[in-house]
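Visitor: I'd like to ask some things about the structure below.
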Amino acid sequence: MGNIDSHGRCIIVGAGDFFGLAVEIRENDFLIAADGGLSALSHIGAEPDLIIGDFDSYSGVPRGRSVVTLPIIKDVTDMHAAAEKGMERGYREFHFFGGTGGRLDHTLANIQLLSGLSLRGCFGYIYGKSEILTVLRNGSLLFPSGMEGGLSIFSLSDTSVGVSLSGLKYELRGGSLENSFALGVSNSFTGEKSKIEVEEGVLLIYWEFDHGKGPVLPERG
């Protein structure tokens with residue numbers, strides 16, 4: 001499951017489309033319900049360690065010591081505020097569910113949140129029904145053999161340089177990707193080990209997974 005440190009993972013469930021938790025909650029993980037994400041967790045019988053939000057997408061305002069109520073007028077989304085609480089507790093690996101679908105602007109905000117996490121030495125994954133999004137900043141991702149399905153790569157930087165793709169259907173050596181042209185869309189795994197590298201820049205990586213089998217996450221370098 002990639003590079004998981006001994007401190008565990010911060011798992012955040014928001015008010016977007018929810019298809020269940022594709023990761024197993026471990027003892028040292030920290031589970032946060034962000035606003036309407038509380039309804040999703042209640043539906044599957046999961047008890048969050050923290051509940052946070054302005055509760056505009058939840059019926060009523062929950063009470064208790066584990067509840068943080070945010071003002072409706074604020075500068076960050078509920079998901080962003082949840083991630084901040086995770087970082088305050090020392091978590092560096094984040095998994096977001098209920099972060100896509102619904103309002104497109106919130107989906108885009110969550111993608112920006114991935115980029116912001118990478119600036120602070122953290123990384124995260126956004127899960128949809130059968131796809132995952134992550135951000136890679138000045139580094140590499142290594143996927144194991146046996147991977148199947150589609151994969152797409154987008155530059156969030158104006159230009160990302162030193163981009164290399166190996167083990168994929170379409171390979172690249174030291175190329176450049178721009179945020180004005182989707183050159184990296186519609187690639188795919190080949191079943192071989194594959195690697196994505198960027199020397200300087202920020203890449204958004206999208207790939208598909210079998211929800212029944214669960215996700216396979218890359219190693220980071």
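Starting from 1 in every chain, residues are counted up; chains themselves are A, B, ... following the order of the structure tokens, and ligands are numbered from 1 as listed.
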So that I can see what lies close to A:Ile132, please list as a PyMOL selection string the residues with an atom at most 6 Å from it, counting only C-alpha atoms and leaving out residues fewer than 6 positions away in the same chain.
Guide: chain A and resi 126+206-207
Visitor: Please list as a ChimeraX atom specification every residue within 10 Å of stretch 154-167 of chain A, counting only C-alpha atoms and excluding residues in the same chain fewer than 4 positions away.
Guide: /A:111-112,115,135-143,145,171-185,188-206
Visitor: For those residues, write C-alpha atoms to a file as an mmCIF file, in the first residue's frame.
Guide:
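Final file, result18.cif:
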data_model
loop_
_atom_site.group_PDB
_atom_site.id
_atom_site.type_symbol
_atom_site.label_atom_id
_atom_site.label_comp_id
_atom_site.auth_asym_id
_atom_site.auth_seq_id
_atom_site.Cartn_x
_atom_site.Cartn_y
_atom_site.Cartn_z
ATOM 1 C CA ILE A 111 -7.534 18.373 -6.265
ATOM 2 C CA GLN A 112 -5.987 21.678 -5.190
ATOM 3 C CA SER A 115 -1.338 19.907 -4.440
ATOM 4 C CA VAL A 135 -0.371 14.491 -6.948
ATOM 5 C CA LEU A 136 3.340 14.013 -7.598
ATOM 6 C CA ARG A 137 5.720 16.923 -6.987
ATOM 7 C CA ASN A 138 9.403 16.608 -7.980
ATOM 8 C CA GLY A 139 9.621 12.876 -7.475
ATOM 9 C CA SER A 140 8.549 9.463 -8.708
ATOM 10 C CA LEU A 141 5.812 6.871 -8.380
ATOM 11 C CA LEU A 142 6.533 3.174 -8.845
ATOM 12 C CA PHE A 143 3.626 0.831 -9.587
ATOM 13 C CA SER A 145 3.584 -5.499 -11.892
ATOM 14 C CA GLU A 171 6.395 5.847 -22.728
ATOM 15 C CA LEU A 172 8.273 9.123 -22.436
ATOM 16 C CA ARG A 173 11.870 10.054 -21.643
ATOM 17 C CA GLY A 174 12.649 13.447 -20.157
ATOM 18 C CA GLY A 175 9.690 15.157 -21.786
ATOM 19 C CA SER A 176 7.584 18.130 -20.780
ATOM 20 C CA LEU A 177 3.879 18.391 -19.975
ATOM 21 C CA GLU A 178 1.928 21.650 -19.937
ATOM 22 C CA ASN A 179 -1.299 22.549 -18.181
ATOM 23 C CA SER A 180 -2.701 23.874 -21.465
ATOM 24 C CA PHE A 181 -2.463 20.595 -23.393
ATOM 25 C CA ALA A 182 -3.577 17.128 -22.230
ATOM 26 C CA LEU A 183 -0.757 15.107 -23.779
ATOM 27 C CA GLY A 184 -0.778 12.586 -20.937
ATOM 28 C CA VAL A 185 -4.436 11.554 -21.151
ATOM 29 C CA SER A 188 -2.684 2.518 -19.626
ATOM 30 C CA PHE A 189 -0.845 -0.074 -17.574
ATOM 31 C CA THR A 190 0.710 -3.039 -19.372
ATOM 32 C CA GLY A 191 1.028 -5.505 -16.493
ATOM 33 C CA GLU A 192 4.735 -4.679 -16.145
ATOM 34 C CA LYS A 193 6.281 -2.601 -13.379
ATOM 35 C CA SER A 194 5.803 1.038 -14.301
ATOM 36 C CA LYS A 195 7.302 4.307 -13.178
ATOM 37 C CA ILE A 196 6.307 7.969 -13.410
ATOM 38 C CA GLU A 197 8.952 10.604 -12.762
ATOM 39 C CA VAL A 198 9.013 14.390 -12.829
ATOM 40 C CA GLU A 199 12.193 16.365 -12.176
ATOM 41 C CA GLU A 200 10.500 19.712 -11.651
ATOM 42 C CA GLY A 201 6.779 20.305 -11.573
ATOM 43 C CA VAL A 202 3.486 19.056 -10.219
ATOM 44 C CA LEU A 203 1.608 16.202 -11.875
ATOM 45 C CA LEU A 204 -1.945 15.037 -11.253
ATOM 46 C CA ILE A 205 -2.099 11.258 -11.680
ATOM 47 C CA TYR A 206 -5.367 9.426 -12.376
#
Visitor: Write out as a PyMOL selection string which residues come within 7 Å of stretch 42-48 of chain A when counting only C-alpha atoms, dropping same-chain ones fewer than 2 positions away.
Guide: chain A and resi 31-33+38-40+50-51
Visitor: List the neighbours of A:Ala15 out to 12 Å using only C-alpha atoms; skip same-chain residues closer than 4 positions along the sequence, and give me the result as JSON, numbers by chain.
Guide: {"A": [19, 32, 33, 34, 35, 36, 37, 38, 39, 40, 41, 52, 53, 54, 55, 56, 57, 58, 59, 77, 78, 79, 96, 97, 98, 99, 100, 101, 102, 103, 106, 107, 110]}
Visitor: Restricting the output to C-alpha atoms, write the selected residues as a compact mmCIF listing (two decimals), in the first residue's frame.
Guide:
# COMPACT_ATOMS: atom_id res chain seq x y z
CA PHE A 19 -18.82 4.22 -2.61
CA ILE A 32 -12.45 12.10 10.20
CA ALA A 33 -16.00 12.83 9.07
CA ALA A 34 -16.10 16.13 7.20
CA ASP A 35 -19.62 17.54 7.42
CA GLY A 36 -22.01 15.31 5.44
CA GLY A 37 -19.41 12.57 5.45
CA LEU A 38 -20.81 11.70 8.86
CA SER A 39 -23.95 10.33 7.16
CA ALA A 40 -21.83 8.09 4.91
CA LEU A 41 -19.88 6.69 7.86
CA ILE A 52 -15.72 18.61 11.62
CA GLY A 53 -17.70 21.00 9.44
CA ASP A 54 -20.16 23.86 9.23
CA PHE A 55 -22.83 21.16 8.75
CA ASP A 56 -24.57 22.77 5.82
CA SER A 57 -24.67 19.33 4.16
CA TYR A 58 -25.72 17.41 7.28
CA SER A 59 -29.09 17.35 9.01
CA THR A 77 -13.55 23.87 2.64
CA ASP A 78 -14.59 21.33 5.27
CA MET A 79 -12.28 18.78 3.66
CA PHE A 96 -10.09 11.12 0.88
CA PHE A 97 -13.48 9.54 0.25
CA GLY A 98 -16.62 11.40 -0.74
CA GLY A 99 -14.39 13.99 -2.39
CA THR A 100 -15.71 13.69 -5.95
CA GLY A 101 -19.11 13.97 -7.60
CA GLY A 102 -21.74 16.37 -6.37
CA ARG A 103 -20.44 19.90 -6.85
CA HIS A 106 -15.60 21.01 -4.55
CA THR A 107 -14.00 18.25 -6.60
CA ASN A 110 -10.00 18.72 -3.39
Visitor: With only C-alpha atoms as the counted atoms, please give the residues lying no more than 8 Å from A:Asp29, apart from itself and same-chain residues fewer than 6 positions off, as a list in words.
Guide: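 Close residues of A:Asp29: His7, Gly8, Arg9, Cys10 and Ile11 of chain A.
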Visitor: Output N, CA and C atoms for every residue in the selection just made, as a PDB file, in the first residue's frame.
Guide:
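For reference, out.pdb as written:
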ATOM      1  N   HIS A   7       3.157   6.221  11.994  1.00  0.00           N
ATOM      2  CA  HIS A   7       2.132   7.048  12.632  1.00  0.00           C
ATOM      3  C   HIS A   7       0.745   6.752  12.081  1.00  0.00           C
ATOM      4  N   GLY A   8       0.674   6.069  10.953  1.00  0.00           N
ATOM      5  CA  GLY A   8      -0.625   5.736  10.393  1.00  0.00           C
ATOM      6  C   GLY A   8      -1.083   6.731   9.344  1.00  0.00           C
ATOM      7  N   ARG A   9      -2.349   6.602   8.973  1.00  0.00           N
ATOM      8  CA  ARG A   9      -2.915   7.406   7.898  1.00  0.00           C
ATOM      9  C   ARG A   9      -4.107   8.199   8.408  1.00  0.00           C
ATOM     10  N   CYS A  10      -4.333   9.340   7.815  1.00  0.00           N
ATOM     11  CA  CYS A  10      -5.526  10.130   8.108  1.00  0.00           C
ATOM     12  C   CYS A  10      -6.534   9.860   6.984  1.00  0.00           C
ATOM     13  N   ILE A  11      -7.693   9.339   7.348  1.00  0.00           N
ATOM     14  CA  ILE A  11      -8.730   8.984   6.391  1.00  0.00           C
ATOM     15  C   ILE A  11      -9.906   9.935   6.586  1.00  0.00           C
TER      16      ILE A  11
END
Visitor: Smallest atom-to-atom distance to A:Phe30: which of A:Arg65, A:Gly86, A:Gly14, A:Ile73, using only C-alpha atoms?
Guide: A:Gly86
Visitor: Please, which residues in stretch 85-155 of chain A fall within 10 Å of stretch 212-215 of chain A when counting only C-alpha atoms, and what is the closest atom pair and distance in Å to one decimal for each, ordered by chain then residue number, as a tab-separated table?
Guide:
residue	atom	partner	partner_atom	distance
A:Tyr127	CA	A:Pro215	CA	9.2
A:Ser130	CA	A:Pro215	CA	8.7
A:Glu131	CA	A:Pro215	CA	8.7
A:Ile132	CA	A:Pro215	CA	8.3
Visitor: Please dump the current selection as a PDB file, in the first residue's frame; keep N, CA and C atoms.
Guide:
ATOM      1  N   TYR A 127     -10.375   9.061  -3.741  1.00  0.00           N
ATOM      2  CA  TYR A 127     -10.986   7.853  -4.291  1.00  0.00           C
ATOM      3  C   TYR A 127     -12.359   8.167  -4.867  1.00  0.00           C
ATOM      4  N   SER A 130     -14.222   3.932  -9.021  1.00  0.00           N
ATOM      5  CA  SER A 130     -13.226   2.967  -9.509  1.00  0.00           C
ATOM      6  C   SER A 130     -11.988   3.690 -10.020  1.00  0.00           C
ATOM      7  N   GLU A 131     -11.680   4.842  -9.438  1.00  0.00           N
ATOM      8  CA  GLU A 131     -10.514   5.610  -9.847  1.00  0.00           C
ATOM      9  C   GLU A 131      -9.899   6.312  -8.639  1.00  0.00           C
ATOM     10  N   ILE A 132      -8.627   6.616  -8.775  1.00  0.00           N
ATOM     11  CA  ILE A 132      -7.874   7.288  -7.720  1.00  0.00           C
ATOM     12  C   ILE A 132      -7.131   8.466  -8.341  1.00  0.00           C
TER      13      ILE A 132
END
